[in-house]
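Asker: Sending over input.cif (mmCIF, C-alpha atoms).
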data_query
#
loop_
_atom_site.label_atom_id
_atom_site.label_comp_id
_atom_site.auth_asym_id
_atom_site.auth_seq_id
_atom_site.Cartn_x
_atom_site.Cartn_y
_atom_site.Cartn_z
CA MET A 1 76.92 28.50 117.77
CA ARG A 2 77.78 26.29 120.68
CA ARG A 3 76.17 26.84 124.03
CA HIS A 4 79.30 28.21 125.77
CA GLN A 5 79.92 30.63 122.86
CA LEU A 6 76.34 31.87 123.10
CA ILE A 7 76.63 32.38 126.87
CA SER A 8 79.95 34.21 126.39
CA ALA A 9 78.45 36.47 123.70
CA LEU A 10 75.43 37.27 125.88
CA ALA A 11 77.69 38.04 128.84
CA THR A 12 79.82 40.56 126.90
CA ALA A 13 76.87 42.32 125.20
CA PRO A 14 75.93 44.36 128.29
CA MET A 15 79.58 45.46 128.63
CA LYS A 16 79.58 46.72 125.04
CA VAL A 17 76.34 48.61 125.64
CA LEU A 18 77.75 50.03 128.87
CA ARG A 19 80.86 51.20 127.04
CA VAL A 20 78.80 52.96 124.35
CA VAL A 21 76.54 54.61 126.94
CA SER A 22 79.57 55.75 128.96
CA VAL A 23 81.12 57.38 125.91
CA LEU A 24 77.85 59.13 125.05
CA LEU A 25 77.48 60.40 128.61
CA ALA A 26 81.04 61.69 128.60
CA ILE A 27 80.44 63.59 125.36
CA ALA A 28 76.94 64.92 126.15
CA PRO A 29 77.83 67.47 128.85
CA SER A 30 80.35 69.20 126.60
CA ALA A 31 77.62 69.88 124.05
CA GLY A 32 75.84 72.26 126.42
CA ILE A 33 78.82 74.18 127.77
CA CYS A 34 78.71 76.90 125.18
CA ASP A 35 75.48 78.78 124.64
CA GLY A 36 76.04 79.95 121.09
CA TYR A 37 78.21 79.88 118.02
CA PHE A 38 78.29 82.15 115.06
CA ARG A 39 80.26 82.44 111.89
CA CYS A 40 82.73 85.26 111.24
CA GLY A 41 84.11 84.70 107.77
CA PRO A 42 85.73 81.25 107.78
CA TRP A 43 85.69 80.93 111.60
CA LEU A 44 83.13 79.77 114.14
CA VAL A 45 83.29 81.75 117.34
CA SER A 46 81.79 80.93 120.72
CA SER A 47 81.69 82.34 124.24
CA ASP A 48 84.77 80.38 125.29
CA ILE A 49 87.20 82.54 123.27
CA SER A 50 88.92 85.72 124.46
CA LEU A 51 87.90 89.24 123.44
CA THR A 52 91.21 89.60 121.60
CA GLU A 53 90.48 86.49 119.54
CA LEU A 54 86.89 87.64 118.89
CA ARG A 55 88.13 91.00 117.56
CA LYS A 56 90.81 89.27 115.49
CA LYS A 57 88.29 86.96 113.83
CA CYS A 58 85.25 89.26 113.60
CA GLY A 59 86.58 92.80 113.78
CA GLU A 60 84.98 95.54 115.82
CA PRO A 61 81.26 95.21 116.55
CA SER A 62 78.66 97.30 114.71
CA SER A 63 77.67 98.86 118.03
CA LYS A 64 78.50 98.68 121.74
CA LYS A 65 76.51 99.54 124.85
CA VAL A 66 78.26 99.79 128.23
CA SER A 67 76.64 99.85 131.65
CA ILE A 68 77.89 99.64 135.21
CA GLN A 69 75.66 97.52 137.42
CA ASP A 70 75.66 97.12 141.18
CA VAL A 71 76.36 93.66 142.57
CA PHE A 72 74.44 92.66 145.70
CA GLY A 73 74.99 89.84 148.17
CA PHE A 74 72.49 87.33 149.47
CA TYR A 75 71.17 89.69 152.17
CA GLY A 76 70.95 92.73 149.88
CA GLN A 77 74.25 94.33 150.83
CA LYS A 78 76.12 96.00 147.98
CA LEU A 79 79.32 94.10 147.21
CA GLY A 80 80.58 96.25 144.36
CA THR A 81 79.96 96.92 140.69
CA THR A 82 80.36 95.05 137.43
CA ARG A 83 80.87 96.34 133.90
CA VAL A 84 78.46 94.86 131.35
CA GLU A 85 79.00 95.46 127.63
CA THR A 86 76.62 94.44 124.88
CA TRP A 87 78.30 94.10 121.49
CA ARG A 88 76.18 93.82 118.35
CA TYR A 89 77.51 92.27 115.15
CA ASP A 90 75.31 92.93 112.11
CA ARG A 91 75.58 90.07 109.63
CA GLY A 92 73.58 91.40 106.69
CA SER A 93 69.91 91.32 105.76
CA ARG A 94 69.64 87.52 105.60
CA ALA A 95 71.05 86.68 109.03
CA ALA A 96 70.07 87.86 112.50
CA ALA A 97 72.58 90.04 114.29
CA MET A 98 74.65 88.35 116.97
CA ILE A 99 74.62 89.81 120.46
CA VAL A 100 77.75 89.28 122.54
CA THR A 101 77.48 89.99 126.27
CA VAL A 102 80.79 90.87 127.93
CA VAL A 103 80.99 91.00 131.73
CA ASP A 104 84.12 92.42 133.34
CA GLY A 105 86.17 91.84 130.20
CA LYS A 106 85.08 88.23 129.53
CA ILE A 107 82.52 86.92 127.06
CA GLU A 108 79.53 85.67 129.02
CA SER A 109 77.23 84.73 126.14
CA ILE A 110 76.68 84.88 122.40
CA GLU A 111 73.11 84.88 121.19
CA SER A 112 71.16 85.54 118.04
CA GLU A 113 69.17 88.76 118.16
CA SER A 114 65.44 88.21 118.52
CA GLY A 115 62.85 90.49 116.97
CA ASP A 116 62.28 92.21 120.34
CA ASP A 117 65.99 93.09 120.66
CA ARG A 118 66.30 94.93 117.34
CA PRO A 119 66.92 98.65 117.56
CA ASP A 120 64.14 100.93 116.34
CA GLU A 121 64.51 102.05 112.72
CA PRO A 122 64.80 105.86 112.32
#
Here is the file; what I need is its structure written in the form of structure tokens.

Answerer:
Amino acid sequence: MRRHQLISALATAPMKVLRVVSVLLAIAPSAGICDGYFRCGPWLVSSDISLTELRKKCGEPSSKKVSIQDVFGFYGQKLGTTRVETWRYDRGSRAAAMIVTVVDGKIESIESESGDDRPDEP
């Protein structure tokens, strides 16, 4: 390699590295946007879908709990109420149930049920 070719190659190497790092940084934040995925038949569902789409893909949940919670401002004043639903999808004996938290009609999170969350056996 001639000297000017070597200098040219060394000068463009940092640009190539910068390009790769930029692409990785652009992709990385999108990986953490959604807290959980789970499989319903052939589909993967996540917290960014609508309730209608969730029901279409997964059917009705095994159980639902509904609560109305007060919403308070920074100084403790009551601002209103919010409706919180917890939907449980049982997925058989080999997979943990999925817990879907719905706040005011929108999916807030989808998580795998931990041992502490399981309902008591009768």

Asker: Report, in Å with one decimal, the straight-line distance from CA of Ser67 (chain A) to CA of Leu79 (chain A).

Answerer: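 Between these atoms lies a distance of 16.8 Å.
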
Asker: Work out how far CA of Tyr89 (chain A) is from CA of Trp43 (chain A), in Å to one decimal.

Answerer: 14.4 Å

Asker: Measuring atom to atom with all atoms listed in the file, identify which of A:Tyr75, A:Glu113, A:Glu108, A:Asp70 is nearest to Ser50 (chain A).

Answerer: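 Among the listed residues, the smallest separation from Ser50 (chain A) belongs to A:Glu108.
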
Asker: Can you tell me how far CA of Ser46 (chain A) sits from CA of Ile107 (chain A), in Å to one decimal?

Answerer: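 Separation between CA of Ser46 (chain A) and CA of Ile107 (chain A): 8.8 Å.
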
Asker: Find the residues near region 36-39 of chain A: any atom within 8 Å, counting only C-alpha atoms, skip ones fewer than 4 places away on the same chain, and give them as a ChimeraX atom specification.

Answerer: /A:43-47,98,109-111

Asker: I'd like to see the residues matched by the PyMOL selection byres ((chain A and resi 69) around 9) on this file, and ideally I'd get them as an NGL selection string.

Answerer: :A and (67-68 or 70-71 or 80-84)

Asker: Excluding Glu85 (chain A) and residues on its chain fewer than 6 positions from it, collect all residues at most 7 Å away from it, counting only C-alpha atoms, and give them as a compact mmCIF listing (two decimals) with C-alpha atoms, in the frame of the given file.

Answerer:
# COMPACT_ATOMS: atom_id res chain seq x y z
CA LYS A 64 78.50 98.68 121.74
CA LYS A 65 76.51 99.54 124.85
CA VAL A 66 78.26 99.79 128.23
CA SER A 67 76.64 99.85 131.65
CA THR A 101 77.48 89.99 126.27
CA VAL A 102 80.79 90.87 127.93
CA VAL A 103 80.99 91.00 131.73

Asker: Name the residues that the PyMOL selection byres ((chain A and resi 97) around 9) picks from the file above, as an MDAnalysis selection string, using the file's chain letters and numbers.

Answerer: chainID A and resid 88:92 95:96 98:99 111:114 118

Asker: Evaluate the PyMOL selection byres ((chain A and resi 54-57) around 8) against this structure - the residues, as a list of chain:residue names, please.

Answerer: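 Listing what the PyMOL selection byres ((chain A and resi 54-57) around 8) selects in the shown file: A:Cys40, A:Gly41, A:Trp43, A:Val45, A:Ile49, A:Ser50, A:Leu51, A:Thr52, A:Glu53, A:Cys58, A:Gly59, A:Glu60.
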
Asker: I'd like to know which of A:Lys106, A:Val100, A:Ser62, A:Gly73 is closest to Thr86 (chain A), using all atoms listed in the file.

Answerer: A:Val100
